[in-house]
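Below: my_file-v3.cif (mmCIF, C-alpha atoms)
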data_data
#
loop_
_atom_site.label_atom_id
_atom_site.label_comp_id
_atom_site.auth_asym_id
_atom_site.auth_seq_id
_atom_site.Cartn_x
_atom_site.Cartn_y
_atom_site.Cartn_z
CA MET A 1133 50.42 -18.38 4.81
CA GLN A 1134 47.46 -17.12 6.80
CA SER A 1135 45.01 -14.33 6.06
CA LEU A 1136 44.40 -11.55 8.53
CA SER A 1137 42.28 -8.74 7.10
CA SER A 1138 41.65 -6.56 4.05
CA SER A 1139 40.36 -3.07 3.31
CA MET A 1140 39.80 -0.77 0.33
CA SER A 1141 41.05 2.56 1.65
CA LEU A 1142 44.17 4.65 2.05
CA ARG A 1143 43.81 4.81 5.80
CA SER A 1144 46.84 4.22 7.99
CA SER A 1145 46.80 1.38 10.48
CA SER A 1146 49.15 -0.02 13.07
CA LEU A 1147 50.67 -3.46 12.69
CA ALA A 1148 49.25 -4.23 16.11
CA ASN A 1149 45.76 -4.19 14.63
CA PHE A 1150 46.27 -7.31 12.57
CA LEU A 1151 48.04 -9.69 14.92
CA LEU A 1152 44.95 -11.86 15.46
CA LEU A 1153 45.46 -14.33 12.64
CA GLY A 1154 42.88 -16.45 10.86
CA SER A 1155 43.32 -19.13 8.23
CA GLU A 1156 43.79 -18.35 4.55
CA THR A 1157 41.32 -20.05 2.24
CA THR A 1158 42.79 -19.12 -1.11
CA ARG A 1159 45.74 -21.47 -1.37
CA VAL A 1160 45.47 -23.21 -4.74
CA ARG A 1161 48.69 -25.05 -5.22
CA ARG A 1162 51.93 -25.18 -3.32
CA LYS A 1163 55.26 -26.31 -4.72
CA SER A 1164 58.47 -26.55 -2.74
CA ILE A 1165 61.80 -26.23 -4.46
CA ILE A 1166 65.04 -26.82 -2.62
CA VAL A 1167 67.83 -24.88 -4.24
CA ALA A 1168 71.56 -24.73 -3.73
CA CYS A 1169 71.82 -21.14 -2.65
CA ALA A 1170 75.25 -19.75 -1.96
CA SER A 1171 74.95 -17.17 0.77
CA GLU A 1172 77.27 -14.26 1.13
CA GLY A 1173 79.98 -14.47 3.73
CA ASP A 1174 81.58 -17.44 5.41
CA SER A 1175 79.23 -20.31 6.33
CA SER A 1176 80.64 -20.49 9.86
CA THR A 1177 79.77 -16.84 10.54
CA SER A 1178 76.27 -17.39 9.09
CA SER A 1179 75.76 -20.40 11.37
CA SER A 1180 77.03 -18.40 14.34
CA PHE A 1181 74.59 -15.59 13.57
CA LEU A 1182 71.74 -18.08 13.26
CA SER A 1183 72.61 -19.57 16.66
CA ARG A 1184 72.76 -16.13 18.30
CA THR A 1185 69.40 -15.04 16.93
CA GLN A 1186 67.85 -18.30 18.15
CA THR A 1187 69.27 -17.55 21.61
CA TYR A 1188 67.85 -14.04 21.44
CA ALA A 1189 64.41 -15.39 20.52
CA LEU A 1190 64.47 -17.87 23.38
CA LEU A 1191 65.43 -15.17 25.88
CA LYS A 1192 62.58 -12.94 24.73
CA GLN A 1193 60.11 -15.80 24.99
CA GLN A 1194 61.39 -16.72 28.47
CA LEU A 1195 60.96 -13.10 29.55
CA GLN A 1196 57.36 -13.14 28.36
CA VAL A 1197 56.65 -16.39 30.23
CA ALA A 1198 58.25 -15.13 33.45
CA ALA A 1199 56.28 -11.89 33.32
CA LYS A 1200 52.98 -13.68 32.71
CA SER A 1201 53.59 -16.04 35.61
CA GLU A 1202 54.47 -13.03 37.81
CA ASP A 1203 57.94 -14.38 38.49
CA TYR A 1204 59.32 -10.86 38.48
CA LYS A 1205 62.70 -11.79 39.93
CA GLU A 1206 63.29 -14.18 37.03
CA ALA A 1207 61.88 -11.64 34.58
CA ALA A 1208 64.35 -9.03 35.84
CA ARG A 1209 67.23 -11.49 35.46
CA ILE A 1210 66.22 -12.33 31.88
CA ARG A 1211 65.69 -8.65 31.09
CA ASP A 1212 69.24 -7.87 32.20
CA SER A 1213 70.53 -10.79 30.13
CA LEU A 1214 68.69 -9.42 27.12
CA LYS A 1215 70.18 -5.95 27.60
CA LEU A 1216 73.66 -7.43 27.85
CA PHE A 1217 73.01 -9.57 24.79
CA GLU A 1218 71.81 -6.55 22.79
CA GLU A 1219 74.93 -4.60 23.75
CA GLU A 1220 77.29 -7.42 22.77
CA GLU A 1221 75.45 -8.96 19.80
CA PRO A 1222 77.58 -7.99 16.74
CA VAL A 1223 74.66 -7.46 14.34
CA LEU A 1224 72.70 -5.22 16.71
CA ARG A 1225 75.88 -3.32 17.65
CA LEU A 1226 76.94 -2.81 14.01
CA ARG A 1227 73.46 -1.71 12.98
CA ARG A 1228 73.45 0.84 15.80
CA LEU A 1229 76.91 2.11 14.81
CA LEU A 1230 75.89 2.26 11.15
CA LYS A 1231 72.82 4.32 11.97
CA GLU A 1232 74.85 6.70 14.14
CA ALA A 1233 77.56 7.08 11.48
CA ILE A 1234 74.99 7.97 8.80
CA ALA A 1235 73.26 10.47 11.11
CA GLN A 1236 76.64 12.12 11.84
CA GLU A 1237 77.65 12.00 8.14
CA ARG A 1238 80.66 9.77 8.89
CA PHE A 1239 80.17 7.96 5.64
CA GLN A 1240 83.55 6.24 5.56
CA ASP A 1241 82.76 4.65 8.92
CA ALA A 1242 79.27 3.83 7.68
CA ALA A 1243 80.71 2.00 4.67
CA SER A 1244 82.99 0.00 6.98
CA TYR A 1245 80.09 -1.01 9.25
CA ARG A 1246 77.96 -1.93 6.24
CA ASP A 1247 80.69 -4.15 4.79
CA GLU A 1248 81.13 -5.90 8.14
CA LEU A 1249 77.38 -6.50 8.38
CA LYS A 1250 77.36 -7.89 4.87
CA LYS A 1251 80.10 -10.31 5.85
CA ILE A 1252 78.61 -11.68 9.05
CA ALA A 1253 74.86 -11.37 8.36
CA PRO A 1254 73.87 -10.48 4.79
CA HIS A 1255 70.16 -10.84 5.64
CA SER A 1256 70.44 -7.95 8.10
CA LEU A 1257 71.02 -5.44 5.29
CA LEU A 1258 67.64 -6.18 3.73
CA LYS A 1259 64.92 -4.03 5.28
CA CYS A 1260 61.69 -5.38 6.72
CA CYS A 1261 59.85 -3.28 4.17
CA SER A 1262 59.87 -2.78 0.43
CA ASP A 1263 58.31 -0.45 -2.14
CA ALA A 1264 58.09 -1.12 -5.88
CA THR A 1265 56.03 0.27 -8.78
CA THR A 1266 55.21 -1.55 -12.02
CA LEU A 1267 53.18 0.17 -14.76
CA GLY A 1268 51.80 2.62 -12.21
CA ILE A 1269 50.84 -0.06 -9.66
CA GLN A 1270 52.67 0.50 -6.37
CA VAL A 1271 53.17 -2.35 -3.90
CA GLN A 1272 54.34 -1.52 -0.37
CA VAL A 1273 55.11 -4.19 2.23
CA ARG A 1274 56.04 -4.18 5.90
CA SER A 1275 56.83 -7.30 7.94
CA VAL A 1276 57.05 -7.88 11.70
CA TYR A 1277 58.06 -10.79 13.93
CA ILE A 1278 55.16 -12.20 15.98
CA GLU A 1279 56.71 -13.34 19.23
CA GLY A 1280 53.48 -14.72 20.68
CA ARG A 1281 52.94 -17.13 17.78
CA SER A 1282 56.57 -18.29 17.58
CA GLN A 1283 58.19 -21.28 19.29
CA PRO A 1284 61.99 -20.84 19.00
CA SER A 1285 62.68 -24.03 20.98
CA LYS A 1286 60.84 -25.96 18.25
CA GLY A 1287 62.37 -24.00 15.37
CA LEU A 1288 59.18 -22.08 14.54
CA TYR A 1289 59.35 -18.35 13.84
CA PHE A 1290 56.17 -16.55 12.85
CA PHE A 1291 56.09 -13.35 10.78
CA ALA A 1292 53.18 -11.15 9.76
CA TYR A 1293 53.25 -8.74 6.86
CA ARG A 1294 50.94 -5.99 5.63
CA ILE A 1295 50.60 -5.05 1.98
CA ARG A 1296 49.19 -1.93 0.37
CA ILE A 1297 48.55 -1.95 -3.39
CA THR A 1298 47.94 1.50 -4.87
CA ASN A 1299 46.75 2.13 -8.42
CA ASN A 1300 48.60 5.24 -9.57
CA SER A 1301 47.81 4.53 -13.23
CA GLU A 1302 44.90 5.84 -15.29
CA HIS A 1303 43.30 2.43 -15.72
CA PRO A 1304 41.32 0.16 -13.36
CA VAL A 1305 43.09 -3.12 -12.66
CA GLN A 1306 42.13 -6.46 -11.12
CA LEU A 1307 44.45 -8.69 -9.15
CA LEU A 1308 44.13 -12.26 -10.45
CA ARG A 1309 46.90 -14.33 -8.86
CA ARG A 1310 49.81 -14.11 -6.45
CA HIS A 1311 53.25 -15.72 -6.45
CA TRP A 1312 55.66 -15.71 -3.51
CA ILE A 1313 59.28 -16.79 -3.27
CA ILE A 1314 60.13 -17.45 0.38
CA THR A 1315 63.74 -18.10 1.40
CA ASP A 1316 64.92 -19.01 4.89
CA ALA A 1317 68.36 -18.37 6.42
CA ASN A 1318 69.61 -21.78 5.26
CA GLY A 1319 68.93 -20.96 1.61
CA ARG A 1320 65.85 -23.20 1.39
CA THR A 1321 63.43 -21.63 -1.09
CA GLU A 1322 59.72 -22.28 -1.44
CA ASN A 1323 57.47 -21.03 -4.25
CA VAL A 1324 53.81 -20.42 -3.39
CA TRP A 1325 51.08 -19.67 -5.95
CA GLY A 1326 47.44 -18.82 -5.36
CA ILE A 1327 44.29 -17.23 -6.78
CA GLY A 1328 43.89 -13.62 -5.64
CA VAL A 1329 44.68 -12.59 -2.07
CA VAL A 1330 42.74 -13.24 1.18
CA GLY A 1331 39.90 -14.85 -0.77
CA GLU A 1332 39.43 -11.91 -3.11
CA GLN A 1333 40.42 -10.81 -6.59
CA PRO A 1334 40.14 -7.09 -5.87
CA LEU A 1335 39.30 -4.50 -8.49
CA ILE A 1336 41.40 -1.40 -7.84
CA LEU A 1337 40.29 1.85 -9.46
CA PRO A 1338 42.72 4.66 -10.37
CA GLY A 1339 43.75 6.57 -7.26
CA ASN A 1340 42.51 3.84 -4.90
CA SER A 1341 44.30 1.29 -2.76
CA PHE A 1342 43.71 -2.23 -1.49
CA GLU A 1343 45.28 -3.35 1.78
CA TYR A 1344 45.53 -6.76 3.35
CA SER A 1345 47.56 -8.62 5.92
CA SER A 1346 48.90 -12.15 6.01
CA ALA A 1347 51.59 -14.21 7.69
CA CYS A 1348 54.43 -16.61 7.02
CA PRO A 1349 56.07 -19.19 9.32
CA LEU A 1350 59.78 -19.98 8.99
CA ASN A 1351 62.04 -22.55 10.64
CA THR A 1352 64.83 -19.98 10.95
CA PRO A 1353 64.79 -16.61 12.77
CA ASN A 1354 65.28 -14.66 9.56
CA GLY A 1355 64.68 -14.98 5.85
CA ARG A 1356 63.23 -13.04 2.94
CA MET A 1357 60.19 -12.82 0.70
CA GLU A 1358 59.59 -11.45 -2.77
CA GLY A 1359 57.21 -12.19 -5.61
CA ASP A 1360 54.63 -10.72 -7.94
CA PHE A 1361 50.93 -10.20 -8.52
CA GLU A 1362 49.34 -11.09 -11.85
CA MET A 1363 46.93 -8.32 -12.88
CA ILE A 1364 44.80 -7.30 -15.84
CA HIS A 1365 43.43 -4.01 -17.19
CA VAL A 1366 39.69 -4.69 -16.87
CA GLU A 1367 38.54 -1.92 -19.23
CA ARG A 1368 40.46 -3.37 -22.15
CA VAL A 1369 38.61 -6.30 -23.73
CA GLY A 1370 40.96 -9.14 -24.51
CA SER A 1371 43.92 -7.46 -22.82
CA ARG A 1372 46.78 -9.63 -21.63
CA SER A 1373 47.66 -9.93 -17.98
CA PHE A 1374 50.86 -8.43 -16.60
CA ASN A 1375 53.02 -9.03 -13.53
CA VAL A 1376 53.47 -6.44 -10.78
CA ALA A 1377 56.65 -6.86 -8.76
CA ILE A 1378 56.76 -7.30 -5.00
CA ALA A 1379 60.27 -6.16 -4.11
CA PRO A 1380 62.32 -8.28 -1.67
CA PHE A 1381 61.86 -7.63 2.04
CA SER A 1382 63.27 -9.23 5.16
CA LEU A 1383 61.60 -11.52 7.67
CA SER A 1384 63.72 -10.77 10.69
CA LEU A 1385 63.45 -11.52 14.38
CA LEU A 1386 65.70 -8.51 14.99
CA GLY A 1387 63.50 -6.21 12.89
CA ASP A 1388 64.64 -2.76 11.85
CA ASP A 1389 63.87 0.86 12.63
CA GLU A 1390 62.31 1.84 9.33
CA GLY A 1391 58.97 1.24 7.70
CA CYS A 1392 57.39 1.89 4.31
CA ILE A 1393 53.70 1.93 5.15
CA THR A 1394 52.54 4.87 7.24
#

Represent the structure contained in this file as structure tokens.
Amino acid sequence: MQSLSSSMSLRSSSLANFLLLGSETTRVRRKSIIVACASEGDSSTSSSFLSRTQTYALLKQQLQVAAKSEDYKEAARIRDSLKLFEEEEPVLRLRRLLKEAIAQERFQDAASYRDELKKIAPHSLLKCCSDATTLGIQVQVRSVYIEGRSQPSKGLYFFAYRIRITNNSEHPVQLLRRHWIITDANGRTENVWGIGVVGEQPLILPGNSFEYSSACPLNTPNGRMEGDFEMIHVERVGSRSFNVAIAPFSLSLLGDDEGCIT
């Protein structure tokens, strides 16, 4: 994972502001664990979805290359291919239909679309954001696919994520360690531990927030992350540390329309 930036305020900021990525210096130990992870739905449909999203990523990258080289005729051709792909791609189509059904309060249809999505692409139901509170400590996350740092033809997909930690308790806390569980679309899981975040072990006073950004590469176009922060109440001498949950969120090339951090 790579560090981007950090701040100690509640200010809002766009994801576009942290896409220039540096190197993280706080990695302490890294342990990979390969697990037998049974995914929902038929394996053939999961493989088909993986292949389609790889095609989608390649088309988007080719469009970017054509535009930069001023080959506008080729760019227009790829653009039209992308539009056709987006109209016919089952996951994108079902997500659009699900959103429309919910907006129109056609909840029976919405349930049907949701079940179909769960069958063909269970990862697509997990949002690219999450929000969880443990003992008054709120952790909000939002992820985004970084097209410019990805190389789909080589099986490299790059995702950035921004985290806001808000202390809604009555006690100052300090973040000591982090733990991530990163799972790709093939069910391969990696555990990552480290001291603090972005080179810091921030002290967060009641009513204050700490924000930082980082990134995660995957070898599949979608996956998920979850984990926890180990913290301590600094005002209590001899107090024991406690874990603050980071709720699961998606790393998805297709993204979604909703966010948690504003």

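Selection by the PyMOL selection byres ((chain A and resi 1291) around 9) on the present file picks out Ser1275, Val1276, Tyr1277, Ile1278, Glu1279, Arg1281, Ser1282, Tyr1289, Phe1290, Ala1292, Tyr1293, Ser1346, Ala1347, Cys1348, Pro1349, Leu1350, Leu1383, Ser1384 and Leu1385 of chain A.
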
Let me make sure I understand: among A:Val1330, A:Leu1308, A:Ile1313, A:Ala1189, which one has the smallest atom-to-atom distance to Glu1218 in chain A if we use all atoms listed in the file?
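Under the stated criterion, the closest residue is A:Ala1189.
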
Using only C-alpha atoms, the residue out of A:Val1324, A:Val1197, A:Ile1297, A:Leu1216 with shortest distance to Phe1342 in chain A is A:Ile1297

Which polymer residues, protein or nucleic acid, are no farther than 12 Å from (78.7, 1.9, 8.5), counting only C-alpha atoms, as a ChimeraX atom specification?
/A:1223,1225-1250,1257

Could you spell out the hits of the PyMOL selection byres ((chain A and resi 1312) around 7) on the shown file, as a list of chain:residue names?
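In the shown coordinates, the PyMOL selection byres ((chain A and resi 1312) around 7) covers A:Arg1310, A:His1311, A:Ile1313, A:Ile1314, A:Asn1323, A:Val1324, A:Trp1325, A:Met1357, A:Glu1358, A:Gly1359, A:Asp1360.
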
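CA of Arg1320 in chain A to CA of Pro1380 in chain A spans 15.6 Å [interatomic distance, one decimal].
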
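The space between CA of Ser1382 in chain A and CA of Leu1258 in chain A spans 5.5 Å.
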
Using only C-alpha atoms, which protein or nucleic acid residues come within 7 Å of Arg1309 in chain A? Drop anything in the same chain fewer than 6 positions from it, and give the result as a short mmCIF file (atom, residue, chain, number, x, y, z; two decimals) with C-alpha atoms, keeping the file's coordinate frame.
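out-v5.cif was written with the following content:
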data_model
loop_
_atom_site.label_atom_id
_atom_site.label_comp_id
_atom_site.auth_asym_id
_atom_site.auth_seq_id
_atom_site.Cartn_x
_atom_site.Cartn_y
_atom_site.Cartn_z
CA GLY A 1326 47.44 -18.82 -5.36
CA ILE A 1327 44.29 -17.23 -6.78
CA GLY A 1328 43.89 -13.62 -5.64
CA PHE A 1361 50.93 -10.20 -8.52
CA GLU A 1362 49.34 -11.09 -11.85
#

Could you expand the PyMOL selection byres ((chain A and resi 1265) around 12) into the explicit residues it covers here, written as a PDB file with C-alpha atoms, in the frame of the given file?
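And here is the file that came out, expr14.pdb:
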ATOM      1  CA  SER A1262      59.870  -2.780   0.430  1.00  0.00           C
ATOM      2  CA  ASP A1263      58.310  -0.450  -2.140  1.00  0.00           C
ATOM      3  CA  ALA A1264      58.090  -1.120  -5.880  1.00  0.00           C
ATOM      4  CA  THR A1266      55.210  -1.550 -12.020  1.00  0.00           C
ATOM      5  CA  LEU A1267      53.180   0.170 -14.760  1.00  0.00           C
ATOM      6  CA  GLY A1268      51.800   2.620 -12.210  1.00  0.00           C
ATOM      7  CA  ILE A1269      50.840  -0.060  -9.660  1.00  0.00           C
ATOM      8  CA  GLN A1270      52.670   0.500  -6.370  1.00  0.00           C
ATOM      9  CA  VAL A1271      53.170  -2.350  -3.900  1.00  0.00           C
ATOM     10  CA  GLN A1272      54.340  -1.520  -0.370  1.00  0.00           C
ATOM     11  CA  VAL A1273      55.110  -4.190   2.230  1.00  0.00           C
ATOM     12  CA  ARG A1296      49.190  -1.930   0.370  1.00  0.00           C
ATOM     13  CA  ILE A1297      48.550  -1.950  -3.390  1.00  0.00           C
ATOM     14  CA  THR A1298      47.940   1.500  -4.870  1.00  0.00           C
ATOM     15  CA  ASN A1299      46.750   2.130  -8.420  1.00  0.00           C
ATOM     16  CA  ASN A1300      48.600   5.240  -9.570  1.00  0.00           C
ATOM     17  CA  SER A1301      47.810   4.530 -13.230  1.00  0.00           C
ATOM     18  CA  ASP A1360      54.630 -10.720  -7.940  1.00  0.00           C
ATOM     19  CA  PHE A1361      50.930 -10.200  -8.520  1.00  0.00           C
ATOM     20  CA  ASN A1375      53.020  -9.030 -13.530  1.00  0.00           C
ATOM     21  CA  VAL A1376      53.470  -6.440 -10.780  1.00  0.00           C
ATOM     22  CA  ALA A1377      56.650  -6.860  -8.760  1.00  0.00           C
ATOM     23  CA  ILE A1378      56.760  -7.300  -5.000  1.00  0.00           C
ATOM     24  CA  ALA A1379      60.270  -6.160  -4.110  1.00  0.00           C
TER      25      ALA A1379
END

Contact residues around Ser1373 in chain A with only C-alpha atoms at 8 Å, ignoring same-chain residues under 5 positions, as a list in words:
Glu1362, Met1363, Ile1364 and His1365 of chain A

Which residues, protein or nucleic acid, reach to within 12 Å of (56.7, -12.7, 32.7) in the file's coordinates when using all atoms listed in the file, and can you give that as a PyMOL selection string?
chain A and resi 1191-1211

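Distance-wise, CA of Glu1367 in chain A and CA of Tyr1344 in chain A end up 24.1 Å apart.
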